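Report on one structure; see the data block that follows.
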Amino acid sequence: FHEGQWVKSPEIHRPRIVVTGMGMVTPLGNDVKTTWEALKAGRNGIVTFDMVQVAERAHTPRLSNMTHEVTVAGITNVNVREELGNFFSDKFVKSLEWNDYAYSTELALLSTVQALSQAGLLIQDGIADSVDKSRFGAVVGTMIGGLGYLPNVYQKILDRDPTNRVKPSDTFISDPSRVASVPSRSFHAQGPVYEVSAACASGSIAIISAANEIV
């Protein structure tokens with residue numbers, strides 16, 4: 001725009017959206033500040049690691065049988081339960097259904113808590129009373145969500161162990177929509193809640209979708 005044209009532009013009259021809180025759990029750091037400082041320093045999160053490390057973090061024992069190394073990915077190094085202890089009481093953290101969470105769901109929950117905390121919307125073990133729950137929702141982009149948990153289910157089928165059968169909960173643990181439904185349920189969101197799975201465009205589409213829900 002040339003000088004003065006912006007004032008005449010219809011864009012200036014559109015509803016504005018303000019980002020009041022952010023959360024990040026990445027291979028570069030477990031919060032926004034650490035990740036941002038690493039980016040400014042020119043570091044990246046790509047490392048060499050074995051599948052045993054992946055299995056431990058993703059709660060997927062089946063993957064530990066794979067011995068090859070990968071060098072084209074990043075790996076997060078965070079204990080989500082311990083991190084949540086910085087925000088909430090032990091009672092609240094223990095009340096969460098940890099056995100029913102894939103690792104991707106845990107990461108979504110932690111980053112959500114960070115964003116809500118930065119926005120000043122968290123109170124002791126919950127969301128502030130001032131928040132209109134009917135306008136409080138979650139739109140989350142994910143590549144595959146908890147589908148990495150499926151090798152556990154496959155192993156149970158192969159083992160045919162009557163004491164460790166496939167349970168109904170094994171199915172919804174791997175459901176990609178859990179990255180949105182678990183954080184929203186944890187804080188009683190009653191607005192739109194859904195996940196977007198569109199390969200590498202998932203995050204961008206989720207942001208656009210969330211903006212459309214707001215305006």
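Simple scheme: letters A, B, ... for chains in structure tokens order, numbers from 1 for residues in each chain, numbers from 1 for ligands in the order shown.
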Practice task
Would you mind writing down, as a PyMOL selection string, each residue of segment 17-204 of chain A that DSSP on the backbone assigns to helix (DSSP H, G or I)?
Solution key: chain A and resi 32-40+51-58+61-65+80-84+90-95+98-100+103-118+133-135+147-159+168-173+178-186+202-204
Exercise for the section: From chain A, collect each residue whose DSSP state is strand (DSSP E) and return the set as a ChimeraX atom specification. Expected result: /A:46-50,69-74,122-123,126-127,138-141,193-196
Could you write out that same residue set with N, CA, C and O atoms as a compact mmCIF listing (two decimals), in the first residue's frame?
# COMPACT_ATOMS: atom_id res chain seq x y z
N ILE A 46 17.75 -31.62 14.86
CA ILE A 46 17.95 -32.90 14.18
C ILE A 46 19.13 -33.63 14.79
O ILE A 46 20.24 -33.11 14.85
N VAL A 47 18.88 -34.83 15.28
CA VAL A 47 19.92 -35.62 15.94
C VAL A 47 19.84 -37.07 15.49
O VAL A 47 18.87 -37.50 14.86
N THR A 48 20.89 -37.83 15.81
CA THR A 48 20.88 -39.27 15.57
C THR A 48 20.44 -39.97 16.86
O THR A 48 20.97 -39.69 17.93
N PHE A 49 19.49 -40.85 16.75
CA PHE A 49 19.03 -41.57 17.94
C PHE A 49 18.52 -42.94 17.51
O PHE A 49 18.22 -43.15 16.34
N ASP A 50 18.44 -43.86 18.45
CA ASP A 50 17.96 -45.20 18.10
C ASP A 50 16.49 -45.33 18.46
O ASP A 50 15.92 -44.51 19.18
N GLU A 69 19.15 -46.80 13.02
CA GLU A 69 19.17 -45.42 13.46
C GLU A 69 18.59 -44.53 12.37
O GLU A 69 18.68 -44.83 11.18
N VAL A 70 17.98 -43.43 12.81
CA VAL A 70 17.48 -42.45 11.87
C VAL A 70 18.20 -41.13 12.13
O VAL A 70 18.59 -40.84 13.26
N THR A 71 18.41 -40.35 11.10
CA THR A 71 19.16 -39.10 11.26
C THR A 71 18.43 -37.91 10.65
O THR A 71 19.03 -36.85 10.50
N VAL A 72 17.19 -38.08 10.31
CA VAL A 72 16.46 -37.01 9.62
C VAL A 72 15.25 -36.55 10.42
O VAL A 72 14.24 -36.18 9.88
N ALA A 73 15.35 -36.59 11.71
CA ALA A 73 14.21 -36.18 12.53
C ALA A 73 14.70 -35.63 13.86
O ALA A 73 15.85 -35.80 14.24
N GLY A 74 13.80 -34.95 14.56
CA GLY A 74 14.10 -34.44 15.89
C GLY A 74 13.34 -35.25 16.92
O GLY A 74 12.36 -35.92 16.60
N LEU A 122 -5.17 -19.47 33.45
CA LEU A 122 -5.15 -20.60 34.37
C LEU A 122 -5.30 -20.14 35.81
O LEU A 122 -4.73 -19.12 36.22
N ILE A 123 -6.07 -20.89 36.57
CA ILE A 123 -6.12 -20.71 38.01
C ILE A 123 -5.74 -22.06 38.62
O ILE A 123 -5.32 -22.97 37.91
N GLY A 126 -7.22 -25.47 37.00
CA GLY A 126 -8.30 -25.29 36.05
C GLY A 126 -8.20 -24.00 35.28
O GLY A 126 -7.19 -23.31 35.30
N ILE A 127 -9.29 -23.70 34.60
CA ILE A 127 -9.36 -22.50 33.77
C ILE A 127 -10.08 -21.40 34.54
O ILE A 127 -10.95 -21.68 35.39
N ALA A 138 -10.87 -25.74 20.78
CA ALA A 138 -9.52 -26.17 20.40
C ALA A 138 -9.52 -26.69 18.97
O ALA A 138 -10.33 -27.56 18.62
N VAL A 139 -8.62 -26.15 18.15
CA VAL A 139 -8.41 -26.65 16.80
C VAL A 139 -6.92 -26.96 16.69
O VAL A 139 -6.09 -26.06 16.81
N VAL A 140 -6.58 -28.22 16.51
CA VAL A 140 -5.18 -28.66 16.55
C VAL A 140 -4.82 -29.39 15.27
O VAL A 140 -5.57 -30.26 14.81
N GLY A 141 -3.68 -29.05 14.70
CA GLY A 141 -3.20 -29.74 13.51
C GLY A 141 -2.24 -30.85 13.90
O GLY A 141 -1.40 -30.68 14.78
N VAL A 193 -14.35 -28.07 18.85
CA VAL A 193 -13.17 -28.88 19.16
C VAL A 193 -12.97 -29.90 18.04
O VAL A 193 -13.83 -30.74 17.81
N TYR A 194 -11.85 -29.80 17.35
CA TYR A 194 -11.55 -30.79 16.32
C TYR A 194 -10.08 -30.71 15.92
O TYR A 194 -9.40 -29.72 16.23
N GLU A 195 -9.60 -31.76 15.29
CA GLU A 195 -8.23 -31.78 14.80
C GLU A 195 -8.23 -31.71 13.28
O GLU A 195 -9.20 -32.05 12.63
N VAL A 196 -7.11 -31.24 12.75
CA VAL A 196 -6.93 -31.15 11.31
C VAL A 196 -5.75 -32.04 10.94
O VAL A 196 -4.66 -31.90 11.49
Problem - Given only C-alpha atoms as the counted atoms, nearest of A:Ile208, A:Val93, A:Leu109, A:Val80 to Arg185 of chain A - result: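 The shortest atom-to-atom distance to Arg185 of chain A comes from A:Leu109.
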Exercise for the section: Quick one: everything within 9 Å of Asp100 of chain A, counting only C-alpha atoms, minus sequence neighbours fewer than 5 positions away in the same chain. Send it as a PyMOL selection string. Expected result: chain A and resi 169-170+172-173
Would you save the residues of that selection, restricted to N, CA and C atoms, as a PDB file, in the first residue's frame?
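Below is the file selection_3.pdb, written as the result:
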ATOM      1  N   SER A 169      -9.953 -49.190  24.761  1.00  0.00           N
ATOM      2  CA  SER A 169      -9.189 -47.951  24.927  1.00  0.00           C
ATOM      3  C   SER A 169      -7.952 -47.918  24.032  1.00  0.00           C
ATOM      4  N   ASP A 170      -7.443 -49.090  23.632  1.00  0.00           N
ATOM      5  CA  ASP A 170      -6.283 -49.123  22.736  1.00  0.00           C
ATOM      6  C   ASP A 170      -6.593 -48.446  21.411  1.00  0.00           C
ATOM      7  N   PHE A 172      -8.902 -45.847  20.864  1.00  0.00           N
ATOM      8  CA  PHE A 172      -9.005 -44.389  20.901  1.00  0.00           C
ATOM      9  C   PHE A 172      -7.729 -43.714  21.387  1.00  0.00           C
ATOM     10  N   ILE A 173      -6.793 -44.463  21.991  1.00  0.00           N
ATOM     11  CA  ILE A 173      -5.498 -43.871  22.331  1.00  0.00           C
ATOM     12  C   ILE A 173      -4.801 -43.403  21.058  1.00  0.00           C
TER      13      ILE A 173
END
Exercise for the section: Between atom CA of Ile17 of chain A and atom CA of Phe187 of chain A, measure the distance and give it in Å to one decimal. Expected result: 21.8 Å
Handout entry: atom CA of Gly145 of chain A to atom CA of Ala189 of chain A, straight-line distance in Å
Key =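 Atom CA of Ala189 of chain A sits 20.1 Å away from atom CA of Gly145 of chain A.
For the residues A:Pro27, A:Asp125, A:Asp132, A:Met143, ranking by smallest atom-to-atom distance to Arg43 of chain A using only C-alpha atoms places A:Pro27 first.
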Practice task
Select, from A:Glu213, A:Asp175, A:Glu37, A:Asp31, the residue with the minimum atom-to-atom distance to Ser197 of chain A, counting only C-alpha atoms.
Solution key: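 Checking each candidate against Ser197 of chain A, we get A:Asp175 as the closest.
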